[in-house]
file target.cif (mmCIF, C-alpha atoms)
data_coords
loop_
_atom_site.label_atom_id
_atom_site.label_comp_id
_atom_site.auth_asym_id
_atom_site.auth_seq_id
_atom_site.Cartn_x
_atom_site.Cartn_y
_atom_site.Cartn_z
CA MET A 1 9.71 -11.24 -1.81
CA ILE A 2 6.68 -10.69 -4.11
CA ARG A 3 5.97 -12.80 -7.16
CA LEU A 4 3.00 -12.76 -9.53
CA GLU A 5 2.71 -15.73 -11.88
CA GLU A 6 0.43 -15.31 -14.91
CA VAL A 7 -2.10 -13.32 -12.87
CA SER A 8 -5.32 -12.31 -14.59
CA LYS A 9 -8.45 -10.68 -13.21
CA ILE A 10 -11.57 -10.83 -15.37
CA TYR A 11 -14.93 -9.22 -14.63
CA PRO A 12 -18.22 -9.87 -16.42
CA GLY A 13 -19.47 -6.88 -18.42
CA ARG A 14 -22.54 -5.94 -20.42
CA ASN A 15 -20.64 -6.37 -23.66
CA GLY A 16 -18.55 -9.35 -22.62
CA GLN A 17 -15.69 -9.90 -20.25
CA VAL A 18 -13.49 -7.08 -18.98
CA LYS A 19 -9.88 -8.08 -18.40
CA ALA A 20 -8.54 -5.84 -15.61
CA LEU A 21 -5.26 -7.79 -15.35
CA ASP A 22 -3.83 -9.74 -18.24
CA ARG A 23 -1.35 -12.53 -17.39
CA ILE A 24 0.84 -10.37 -15.17
CA GLN A 25 4.36 -11.63 -14.51
CA LEU A 26 6.08 -9.51 -11.87
CA ASN A 27 8.86 -10.02 -9.34
CA VAL A 28 9.71 -7.56 -6.57
CA LYS A 29 12.88 -8.28 -4.64
CA GLU A 30 13.24 -7.92 -0.90
CA LYS A 31 14.12 -4.32 0.06
CA GLU A 32 13.25 -3.04 -3.43
CA PHE A 33 11.19 0.09 -4.16
CA VAL A 34 9.14 -0.50 -7.29
CA VAL A 35 6.84 2.04 -8.90
CA VAL A 36 4.07 0.68 -11.12
CA ARG A 37 2.96 3.49 -13.42
CA GLY A 38 0.07 3.65 -15.83
CA PRO A 39 -2.90 5.78 -16.87
CA SER A 40 -6.30 5.66 -15.22
CA GLY A 41 -7.99 2.35 -16.00
CA SER A 42 -4.75 0.49 -16.64
CA GLY A 43 -5.34 -1.94 -13.75
CA LYS A 44 -3.07 -0.39 -11.11
CA SER A 45 -5.48 -0.52 -8.18
CA THR A 46 -6.67 -3.99 -9.14
CA LEU A 47 -3.05 -5.11 -9.18
CA LEU A 48 -2.42 -3.66 -5.72
CA LEU A 49 -5.52 -5.24 -4.19
CA THR A 50 -4.62 -8.58 -5.75
CA LEU A 51 -1.07 -8.30 -4.42
CA GLY A 52 -2.38 -7.50 -0.97
CA GLY A 53 -4.55 -10.59 -0.76
CA MET A 54 -7.82 -8.62 -0.91
CA LEU A 55 -8.94 -9.50 -4.44
CA ARG A 56 -8.65 -13.08 -5.63
CA PRO A 57 -7.33 -13.34 -9.20
CA THR A 58 -9.30 -15.19 -11.83
CA GLN A 59 -6.17 -17.16 -12.60
CA GLY A 60 -2.53 -17.25 -11.61
CA ALA A 61 -0.71 -17.21 -8.26
CA VAL A 62 0.45 -14.46 -5.89
CA TRP A 63 3.43 -15.26 -3.71
CA ILE A 64 4.70 -13.21 -0.77
CA GLY A 65 7.88 -14.77 0.50
CA GLU A 66 7.27 -18.51 0.56
CA GLN A 67 3.51 -18.19 0.84
CA ASP A 68 1.00 -18.64 -1.97
CA VAL A 69 -1.39 -16.01 -0.64
CA TYR A 70 -4.60 -17.37 -2.15
CA LYS A 71 -4.05 -20.84 -0.74
CA PHE A 72 -5.01 -19.31 2.61
CA SER A 73 -8.60 -19.03 3.83
CA GLY A 74 -10.03 -15.53 4.08
CA LYS A 75 -9.29 -15.39 7.81
CA GLU A 76 -5.75 -16.68 7.31
CA ARG A 77 -5.14 -14.08 4.58
CA ALA A 78 -6.31 -11.30 6.89
CA GLU A 79 -3.93 -12.48 9.60
CA PHE A 80 -1.08 -12.77 7.08
CA ARG A 81 -1.72 -9.23 5.82
CA ALA A 82 -1.78 -7.83 9.34
CA GLN A 83 1.61 -9.41 10.09
CA ASN A 84 3.38 -8.65 6.81
CA VAL A 85 1.78 -5.88 4.75
CA GLY A 86 0.95 -2.22 5.36
CA PHE A 87 -1.37 -0.27 3.05
CA VAL A 88 -1.43 3.43 2.16
CA PHE A 89 -4.32 4.67 0.01
CA GLN A 90 -5.03 7.86 -1.92
CA MET A 91 -8.25 8.48 0.04
CA PHE A 92 -6.57 7.88 3.44
CA HIS A 93 -9.42 5.69 4.83
CA LEU A 94 -9.16 7.10 8.34
CA ILE A 95 -11.99 6.38 10.79
CA PRO A 96 -13.71 9.76 11.27
CA TYR A 97 -14.82 9.32 14.89
CA LEU A 98 -11.38 8.22 16.16
CA THR A 99 -8.53 10.53 17.05
CA VAL A 100 -5.28 10.47 15.11
CA TRP A 101 -3.49 8.18 17.56
CA GLU A 102 -6.54 5.92 17.81
CA ASN A 103 -6.60 5.58 14.02
CA VAL A 104 -2.99 4.43 14.12
CA ALA A 105 -3.59 2.07 17.03
CA ALA A 106 -6.57 0.53 15.20
CA ALA A 107 -4.12 -1.24 12.90
CA ALA A 108 -3.24 -3.55 15.79
CA GLY A 109 -6.70 -5.11 15.42
CA LYS A 110 -7.09 -5.76 19.14
CA SER A 111 -7.60 -3.99 22.44
CA VAL A 112 -5.27 -1.04 22.73
CA THR A 113 -2.57 -1.69 25.29
CA ALA A 114 -0.14 0.80 26.78
CA SER A 115 2.51 -0.61 24.43
CA ILE A 116 0.35 -0.07 21.33
CA ARG A 117 -0.45 3.48 22.42
CA LYS A 118 3.24 4.17 23.03
CA ASP A 119 4.20 2.80 19.59
CA SER A 120 1.43 4.82 17.91
CA LEU A 121 2.55 8.05 19.56
CA SER A 122 6.18 7.33 18.71
CA LEU A 123 5.36 6.84 15.03
CA LEU A 124 3.31 10.02 14.95
CA GLU A 125 6.16 11.95 16.56
CA GLY A 126 8.53 10.66 13.88
CA LEU A 127 6.10 11.85 11.21
CA GLY A 128 5.81 15.32 12.73
CA LEU A 129 2.30 14.86 14.13
CA SER A 130 2.82 15.08 17.88
CA HIS A 131 0.66 18.21 17.99
CA ARG A 132 -2.22 16.40 16.24
CA VAL A 133 -2.52 13.12 18.16
CA SER A 134 -5.82 14.04 19.84
CA HIS A 135 -7.41 15.62 16.75
CA LYS A 136 -10.04 13.97 14.55
CA PRO A 137 -9.37 13.41 10.81
CA SER A 138 -11.72 16.27 9.88
CA GLU A 139 -9.33 18.66 11.65
CA LEU A 140 -6.31 17.59 9.60
CA SER A 141 -4.89 18.81 6.32
CA ALA A 142 -4.60 16.32 3.45
CA GLY A 143 -0.89 15.94 4.11
CA GLU A 144 -1.48 15.27 7.80
CA LYS A 145 -4.12 12.67 6.96
CA GLN A 146 -1.69 10.85 4.69
CA ARG A 147 1.08 10.93 7.29
CA THR A 148 -1.39 9.48 9.79
CA ALA A 149 -2.17 6.74 7.27
CA ILE A 150 1.56 6.03 6.91
CA ALA A 151 1.92 5.74 10.70
CA ARG A 152 -0.99 3.28 10.71
CA ALA A 153 0.67 1.26 7.94
CA LEU A 154 3.91 1.10 9.95
CA LEU A 155 2.43 0.13 13.32
CA ASN A 156 2.74 -3.64 12.88
CA LYS A 157 6.30 -3.33 11.52
CA PRO A 158 5.41 -4.76 8.08
CA LYS A 159 7.97 -6.16 5.69
CA ILE A 160 6.05 -4.67 2.76
CA ILE A 161 4.13 -1.47 2.13
CA LEU A 162 1.69 -1.28 -0.78
CA ALA A 163 0.80 2.31 -1.70
CA ASP A 164 -2.05 3.26 -4.04
CA GLU A 165 -1.61 6.81 -5.42
CA PRO A 166 -0.48 8.05 -1.97
CA THR A 167 0.27 11.56 -3.27
CA GLY A 168 -2.76 11.83 -5.57
CA ASN A 169 -4.66 14.23 -3.28
CA LEU A 170 -1.66 16.25 -2.11
CA ASP A 171 -0.02 19.49 -3.17
CA PRO A 172 3.64 19.25 -4.32
CA ASP A 173 5.15 20.09 -0.91
CA ASN A 174 3.06 17.53 0.96
CA ALA A 175 3.60 14.97 -1.80
CA HIS A 176 7.36 15.41 -1.44
CA GLU A 177 7.16 14.98 2.34
CA VAL A 178 5.05 11.81 2.07
CA LEU A 179 7.44 10.33 -0.48
CA GLN A 180 10.36 11.04 1.83
CA HIS A 181 8.66 9.13 4.63
CA LEU A 182 7.89 6.19 2.35
CA SER A 183 11.46 6.28 1.07
CA SER A 184 12.71 6.16 4.66
CA PHE A 185 10.79 2.91 5.18
CA HIS A 186 12.52 1.54 2.08
CA GLN A 187 15.97 2.76 3.13
CA ASN A 188 15.50 1.04 6.48
CA GLY A 189 15.08 -2.31 4.77
CA GLY A 190 11.40 -2.37 3.80
CA THR A 191 9.99 -3.52 0.48
CA LEU A 192 7.78 -0.89 -1.16
CA LEU A 193 5.48 -1.12 -4.16
CA MET A 194 3.65 2.03 -5.21
CA VAL A 195 1.14 2.42 -8.02
CA THR A 196 0.69 5.85 -9.55
CA HIS A 197 0.00 7.69 -12.80
CA GLY A 198 2.54 10.43 -12.08
CA LYS A 199 6.32 10.74 -11.95
CA ASP A 200 6.80 12.17 -8.44
CA ALA A 201 8.15 8.91 -7.03
CA ASP A 202 10.56 8.17 -9.87
CA PRO A 203 13.65 9.68 -8.15
CA TYR A 204 13.10 7.43 -5.12
CA ALA A 205 12.42 4.17 -6.97
CA ASP A 206 14.82 1.35 -7.76
CA ARG A 207 12.69 0.33 -10.73
CA ILE A 208 9.67 1.49 -12.73
CA VAL A 209 7.16 -0.92 -14.23
CA TYR A 210 4.72 0.34 -16.85
CA LEU A 211 1.18 -1.00 -16.97
CA ARG A 212 -1.28 -0.58 -19.84
CA ASP A 213 -4.63 -2.27 -20.35
CA GLY A 214 -3.92 -4.64 -17.48
CA ALA A 215 -0.59 -5.84 -18.85
CA VAL A 216 3.04 -5.06 -18.05
CA VAL A 217 4.40 -3.38 -21.15
CA GLU A 218 7.85 -2.31 -19.93
CA SER A 219 10.11 -2.53 -16.90
CA ASN A 220 13.36 -0.68 -16.24
#
call {"tool": "encode", "arguments": {"input": "target.cif", "output": "structure tokens"}}
result
Amino acid sequence: MIRLEEVSKIYPGRNGQVKALDRIQLNVKEKEFVVVRGPSGSGKSTLLLTLGGMLRPTQGAVWIGEQDVYKFSGKERAEFRAQNVGFVFQMFHLIPYLTVWENVAAAAGKSVTASIRKDSLSLLEGLGLSHRVSHKPSELSAGEKQRTAIARALLNKPKIILADEPTGNLDPDNAHEVLQHLSSFHQNGGTLLMVTHGKDADPYADRIVYLRDGAVVESN
């Protein structure tokens, strides 16, 4: 489902080059839940953005299914992401002037139809947010914001969800609830890759990959 072949990402620095990713070899099977764990600065977020087609690697190839993602043009990559990949971020990235259901519907990337509204409201109901659909993000708790972000990630029925520290800003109870919702996506046949520095997701994962200094150092 996901394959990284000798992927490196190098940035210029004042004192020479900074290698954010160092010849990453990684395979994620269809319907697998993989946690990538590492300390701050280990390259986790860079890895996720590269996987999601948003950050071109300096070298190497990123495959999703049968597609070499960086063979696409920028516009083609955006369309491919919209059809295949959902994202959940630590900082939520909700649009402040839209309501909860409008934030979810925005993932459709087009004029909101009655069908899109219906699907958005249905997802929010399943995530326990029916009472919040007309609220703005500023009126939500951190846990509610993250559940809204999960609904947005699910709207286009993606095959893959990429999650970047999705419980990093949450208390233990909300973190547990968010992980249960992500796990439900996995149990229903979705492929899930989550990067984190903590161990909260370990009980849900099929496999844990350890990242240090931009390199995979262990996988089990």
call {"tool": "residues_near_point", "arguments": {"input": "target.cif", "point": "(-10.3, -7.0, -15.4)", "cutoff": "10 Å", "atoms": "all atoms listed in the file", "output": "ChimeraX atom specification"}}
result
/A:8-13,17-22,41-43,46-47,57-58,213-214
call {"tool": "write_last_selection", "arguments": {"input": "target.cif", "atoms": "C-alpha atoms", "output": "CSV table (one decimal), in the coordinates of the input"}}
result
chain,number,residue,atom,x,y,z
A,8,SER,CA,-5.3,-12.3,-14.6
A,9,LYS,CA,-8.4,-10.7,-13.2
A,10,ILE,CA,-11.6,-10.8,-15.4
A,11,TYR,CA,-14.9,-9.2,-14.6
A,12,PRO,CA,-18.2,-9.9,-16.4
A,13,GLY,CA,-19.5,-6.9,-18.4
A,17,GLN,CA,-15.7,-9.9,-20.2
A,18,VAL,CA,-13.5,-7.1,-19.0
A,19,LYS,CA,-9.9,-8.1,-18.4
A,20,ALA,CA,-8.5,-5.8,-15.6
A,21,LEU,CA,-5.3,-7.8,-15.4
A,22,ASP,CA,-3.8,-9.7,-18.2
A,41,GLY,CA,-8.0,2.4,-16.0
A,42,SER,CA,-4.8,0.5,-16.6
A,43,GLY,CA,-5.3,-1.9,-13.8
A,46,THR,CA,-6.7,-4.0,-9.1
A,47,LEU,CA,-3.0,-5.1,-9.2
A,57,PRO,CA,-7.3,-13.3,-9.2
A,58,THR,CA,-9.3,-15.2,-11.8
A,213,ASP,CA,-4.6,-2.3,-20.4
A,214,GLY,CA,-3.9,-4.6,-17.5
call {"tool": "resolve_selection", "arguments": {"input": "target.cif", "expression": "the PyMOL selection byres ((chain A and resi 155-165) around 8)", "output": "PyMOL selection string"}}
result
chain A and resi 45+48+52+82-90+104-105+107-108+119-120+123+151-154+166-168+190-197
call {"tool": "write_last_selection", "arguments": {"input": "target.cif", "atoms": "C-alpha atoms", "output": "tab-separated table (two decimals), in the frame of the given file"}}
result
chain	number	residue	atom	x	y	z
A	45	SER	CA	-5.48	-0.52	-8.18
A	48	LEU	CA	-2.42	-3.66	-5.72
A	52	GLY	CA	-2.38	-7.50	-0.97
A	82	ALA	CA	-1.78	-7.83	9.34
A	83	GLN	CA	1.61	-9.41	10.09
A	84	ASN	CA	3.38	-8.65	6.81
A	85	VAL	CA	1.78	-5.88	4.75
A	86	GLY	CA	0.95	-2.22	5.36
A	87	PHE	CA	-1.37	-0.27	3.05
A	88	VAL	CA	-1.43	3.43	2.16
A	89	PHE	CA	-4.32	4.67	0.01
A	90	GLN	CA	-5.03	7.86	-1.92
A	104	VAL	CA	-2.99	4.43	14.12
A	105	ALA	CA	-3.59	2.07	17.03
A	107	ALA	CA	-4.12	-1.24	12.90
A	108	ALA	CA	-3.24	-3.55	15.79
A	119	ASP	CA	4.20	2.80	19.59
A	120	SER	CA	1.43	4.82	17.91
A	123	LEU	CA	5.36	6.84	15.03
A	151	ALA	CA	1.92	5.74	10.70
A	152	ARG	CA	-0.99	3.28	10.71
A	153	ALA	CA	0.67	1.26	7.94
A	154	LEU	CA	3.91	1.10	9.95
A	166	PRO	CA	-0.48	8.05	-1.97
A	167	THR	CA	0.27	11.56	-3.27
A	168	GLY	CA	-2.76	11.83	-5.57
A	190	GLY	CA	11.40	-2.37	3.80
A	191	THR	CA	9.99	-3.52	0.48
A	192	LEU	CA	7.78	-0.89	-1.16
A	193	LEU	CA	5.48	-1.12	-4.16
A	194	MET	CA	3.65	2.03	-5.21
A	195	VAL	CA	1.14	2.42	-8.02
A	196	THR	CA	0.69	5.85	-9.55
A	197	HIS	CA	0.00	7.69	-12.80
call {"tool": "resolve_selection", "arguments": {"input": "target.cif", "expression": "the PyMOL selection byres ((chain A and resi 128) around 12)", "output": "VMD selection string"}}
result
chain A and resid 121 to 127 129 to 133 143 to 148 150 to 151 177 to 178 181
call {"tool": "write_last_selection", "arguments": {"input": "target.cif", "atoms": "C-alpha atoms", "output": "JSON list (two decimals), keeping the file's coordinate frame"}}
result
[["chain", "number", "residue", "atom", "x", "y", "z"],
["A", 121, "LEU", "CA", 2.55, 8.05, 19.56],
["A", 122, "SER", "CA", 6.18, 7.33, 18.71],
["A", 123, "LEU", "CA", 5.36, 6.84, 15.03],
["A", 124, "LEU", "CA", 3.31, 10.02, 14.95],
["A", 125, "GLU", "CA", 6.16, 11.95, 16.56],
["A", 126, "GLY", "CA", 8.53, 10.66, 13.88],
["A", 127, "LEU", "CA", 6.10, 11.85, 11.21],
["A", 129, "LEU", "CA", 2.30, 14.86, 14.13],
["A", 130, "SER", "CA", 2.82, 15.08, 17.88],
["A", 131, "HIS", "CA", 0.66, 18.21, 17.99],
["A", 132, "ARG", "CA", -2.22, 16.40, 16.24],
["A", 133, "VAL", "CA", -2.52, 13.12, 18.16],
["A", 143, "GLY", "CA", -0.89, 15.94, 4.11],
["A", 144, "GLU", "CA", -1.48, 15.27, 7.80],
["A", 145, "LYS", "CA", -4.12, 12.67, 6.96],
["A", 146, "GLN", "CA", -1.69, 10.85, 4.69],
["A", 147, "ARG", "CA", 1.08, 10.93, 7.29],
["A", 148, "THR", "CA", -1.39, 9.48, 9.79],
["A", 150, "ILE", "CA", 1.56, 6.03, 6.91],
["A", 151, "ALA", "CA", 1.92, 5.74, 10.70],
["A", 177, "GLU", "CA", 7.16, 14.98, 2.34],
["A", 178, "VAL", "CA", 5.05, 11.81, 2.07],
["A", 181, "HIS", "CA", 8.66, 9.13, 4.63]]
call {"tool": "closest_residue", "arguments": {"input": "target.cif", "among": "A:Ser183, A:Thr113, A:Asn220, A:Asn174", "to": "Phe33 of chain A", "atoms": "all atoms listed in the file"}}
result
A:Ser183
call {"tool": "closest_residue", "arguments": {"input": "target.cif", "among": "A:Gln187, A:Arg212, A:Pro96, A:Gly198", "to": "Ala175 of chain A", "atoms": "only C-alpha atoms"}}
result
A:Gly198
call {"tool": "residues_around", "arguments": {"input": "target.cif", "residues": "Tyr97 of chain A", "least_positions_apart": "4", "cutoff": "10 Å", "atoms": "all atoms listed in the file", "output": "list in words"}}
result
Glu102, Asn103, His135, Lys136, Pro137 and Ser138 of chain A
call {"tool": "atom_distance", "arguments": {"input": "target.cif", "atom1": "atom CA of Phe185 of chain A", "atom2": "atom CA of Ala149 of chain A"}}
result
13.7 Å
call {"tool": "residues_around", "arguments": {"input": "target.cif", "residues": "Glu6 of chain A", "least_positions_apart": "3", "cutoff": "10 Å", "atoms": "only C-alpha atoms", "output": "ChimeraX atom specification"}}
result
/A:3,21-26,57,59-62
call {"tool": "residues_around", "arguments": {"input": "target.cif", "residues": "Glu32 of chain A", "least_positions_apart": "2", "cutoff": "7 Å", "atoms": "all atoms listed in the file", "output": "ChimeraX atom specification"}}
result
/A:28-30,34,191-192,206
call {"tool": "write_last_selection", "arguments": {"input": "target.cif", "atoms": "C-alpha atoms", "output": "compact mmCIF listing (two decimals), keeping the file's coordinate frame"}}
result
# COMPACT_ATOMS: atom_id res chain seq x y z
CA VAL A 28 9.71 -7.56 -6.57
CA LYS A 29 12.88 -8.28 -4.64
CA GLU A 30 13.24 -7.92 -0.90
CA VAL A 34 9.14 -0.50 -7.29
CA THR A 191 9.99 -3.52 0.48
CA LEU A 192 7.78 -0.89 -1.16
CA ASP A 206 14.82 1.35 -7.76
call {"tool": "atom_distance", "arguments": {"input": "target.cif", "atom1": "atom CA of Leu51 of chain A", "atom2": "atom CA of Arg81 of chain A"}}
result
10.3 Å
call {"tool": "atom_distance", "arguments": {"input": "target.cif", "atom1": "atom CA of His93 of chain A", "atom2": "atom CA of Gly53 of chain A"}}
result
17.9 Å
call {"tool": "closest_residue", "arguments": {"input": "target.cif", "among": "A:Met54, A:Leu94, A:Lys110, A:Asn188", "to": "Glu76 of chain A", "atoms": "only C-alpha atoms"}}
result
A:Met54
call {"tool": "closest_residue", "arguments": {"input": "target.cif", "among": "A:Met1, A:Leu140, A:Val35, A:Leu182", "to": "Trp63 of chain A", "atoms": "only C-alpha atoms"}}
result
A:Met1
call {"tool": "decode", "arguments": {"input": "target.cif", "residues": "segment 61-147 of chain A", "atoms": "C-alpha atoms", "output": "CSV table (one decimal), in the first residue's frame"}}
result
chain,number,residue,atom,x,y,z
A,61,ALA,CA,10.7,7.3,-4.4
A,62,VAL,CA,7.3,7.3,-2.5
A,63,TRP,CA,4.8,4.8,-3.7
A,64,ILE,CA,1.1,4.6,-2.7
A,65,GLY,CA,-0.5,1.6,-4.3
A,66,GLU,CA,0.8,1.4,-7.9
A,67,GLN,CA,1.5,5.1,-8.1
A,68,ASP,CA,4.9,6.8,-7.8
A,69,VAL,CA,3.6,9.9,-6.0
A,70,TYR,CA,6.3,12.4,-7.1
A,71,LYS,CA,5.9,11.5,-10.8
A,72,PHE,CA,2.7,13.4,-10.6
A,73,SER,CA,2.5,17.2,-11.2
A,74,GLY,CA,1.6,19.3,-8.2
A,75,LYS,CA,-2.0,19.5,-9.3
A,76,GLU,CA,-2.2,15.7,-9.9
A,77,ARG,CA,-0.7,15.1,-6.5
A,78,ALA,CA,-3.3,17.3,-4.9
A,79,GLU,CA,-6.1,15.4,-6.7
A,80,PHE,CA,-4.5,12.0,-5.7
A,81,ARG,CA,-4.3,13.0,-2.1
A,82,ALA,CA,-7.9,14.2,-2.0
A,83,GLN,CA,-9.1,10.8,-3.4
A,84,ASN,CA,-6.8,8.5,-1.3
A,85,VAL,CA,-5.4,10.1,1.8
A,86,GLY,CA,-6.8,11.8,4.9
A,87,PHE,CA,-4.7,13.8,7.3
A,88,VAL,CA,-5.0,14.4,11.0
A,89,PHE,CA,-2.7,16.9,12.6
A,90,GLN,CA,-1.7,17.8,16.2
A,91,MET,CA,-2.8,21.4,15.7
A,92,PHE,CA,-6.1,20.5,14.1
A,93,HIS,CA,-5.9,23.1,11.3
A,94,LEU,CA,-9.6,23.9,11.4
A,95,ILE,CA,-10.8,27.1,9.6
A,96,PRO,CA,-11.8,29.5,12.3
A,97,TYR,CA,-14.6,31.3,10.5
A,98,LEU,CA,-16.4,28.1,9.4
A,99,THR,CA,-18.7,26.0,11.6
A,100,VAL,CA,-17.9,22.5,12.6
A,101,TRP,CA,-19.9,20.9,9.8
A,102,GLU,CA,-18.5,23.4,7.2
A,103,ASN,CA,-15.0,22.5,8.3
A,104,VAL,CA,-15.7,18.9,7.5
A,105,ALA,CA,-17.5,19.6,4.2
A,106,ALA,CA,-14.5,21.8,3.1
A,107,ALA,CA,-12.5,18.5,2.6
A,108,ALA,CA,-14.7,17.9,-0.5
A,109,GLY,CA,-12.9,20.8,-2.2
A,110,LYS,CA,-15.9,21.9,-4.1
A,111,SER,CA,-19.3,23.5,-3.7
A,112,VAL,CA,-21.2,21.9,-0.8
A,113,THR,CA,-24.1,19.8,-2.1
A,114,ALA,CA,-26.9,18.3,0.0
A,115,SER,CA,-25.1,15.0,-0.2
A,116,ILE,CA,-21.8,16.4,1.2
A,117,ARG,CA,-23.7,18.2,4.0
A,118,LYS,CA,-25.5,14.9,4.8
A,119,ASP,CA,-22.2,13.0,4.9
A,120,SER,CA,-20.6,15.6,7.0
A,121,LEU,CA,-23.4,15.6,9.6
A,122,SER,CA,-23.4,11.8,9.6
A,123,LEU,CA,-19.7,11.6,10.4
A,124,LEU,CA,-20.0,14.2,13.1
A,125,GLU,CA,-22.9,12.2,14.6
A,126,GLY,CA,-20.7,9.1,14.6
A,127,LEU,CA,-18.0,11.0,16.4
A,128,GLY,CA,-20.4,12.3,19.1
A,129,LEU,CA,-20.5,15.9,17.8
A,130,SER,CA,-24.1,16.3,16.7
A,131,HIS,CA,-24.6,19.0,19.4
A,132,ARG,CA,-21.6,21.0,18.0
A,133,VAL,CA,-22.3,21.1,14.2
A,134,SER,CA,-23.1,24.8,14.1
A,135,HIS,CA,-20.4,25.9,16.5
A,136,LYS,CA,-17.1,27.6,15.5
A,137,PRO,CA,-13.8,26.0,16.4
A,138,SER,CA,-13.1,28.6,19.1
A,139,GLU,CA,-16.2,27.2,20.9
A,140,LEU,CA,-14.8,23.6,21.0
A,141,SER,CA,-12.6,21.7,23.5
A,142,ALA,CA,-9.3,20.3,22.2
A,143,GLY,CA,-10.9,16.8,22.0
A,144,GLU,CA,-13.8,18.1,20.0
A,145,LYS,CA,-11.5,19.9,17.6
A,146,GLN,CA,-9.6,16.7,17.0
A,147,ARG,CA,-12.7,14.7,16.4
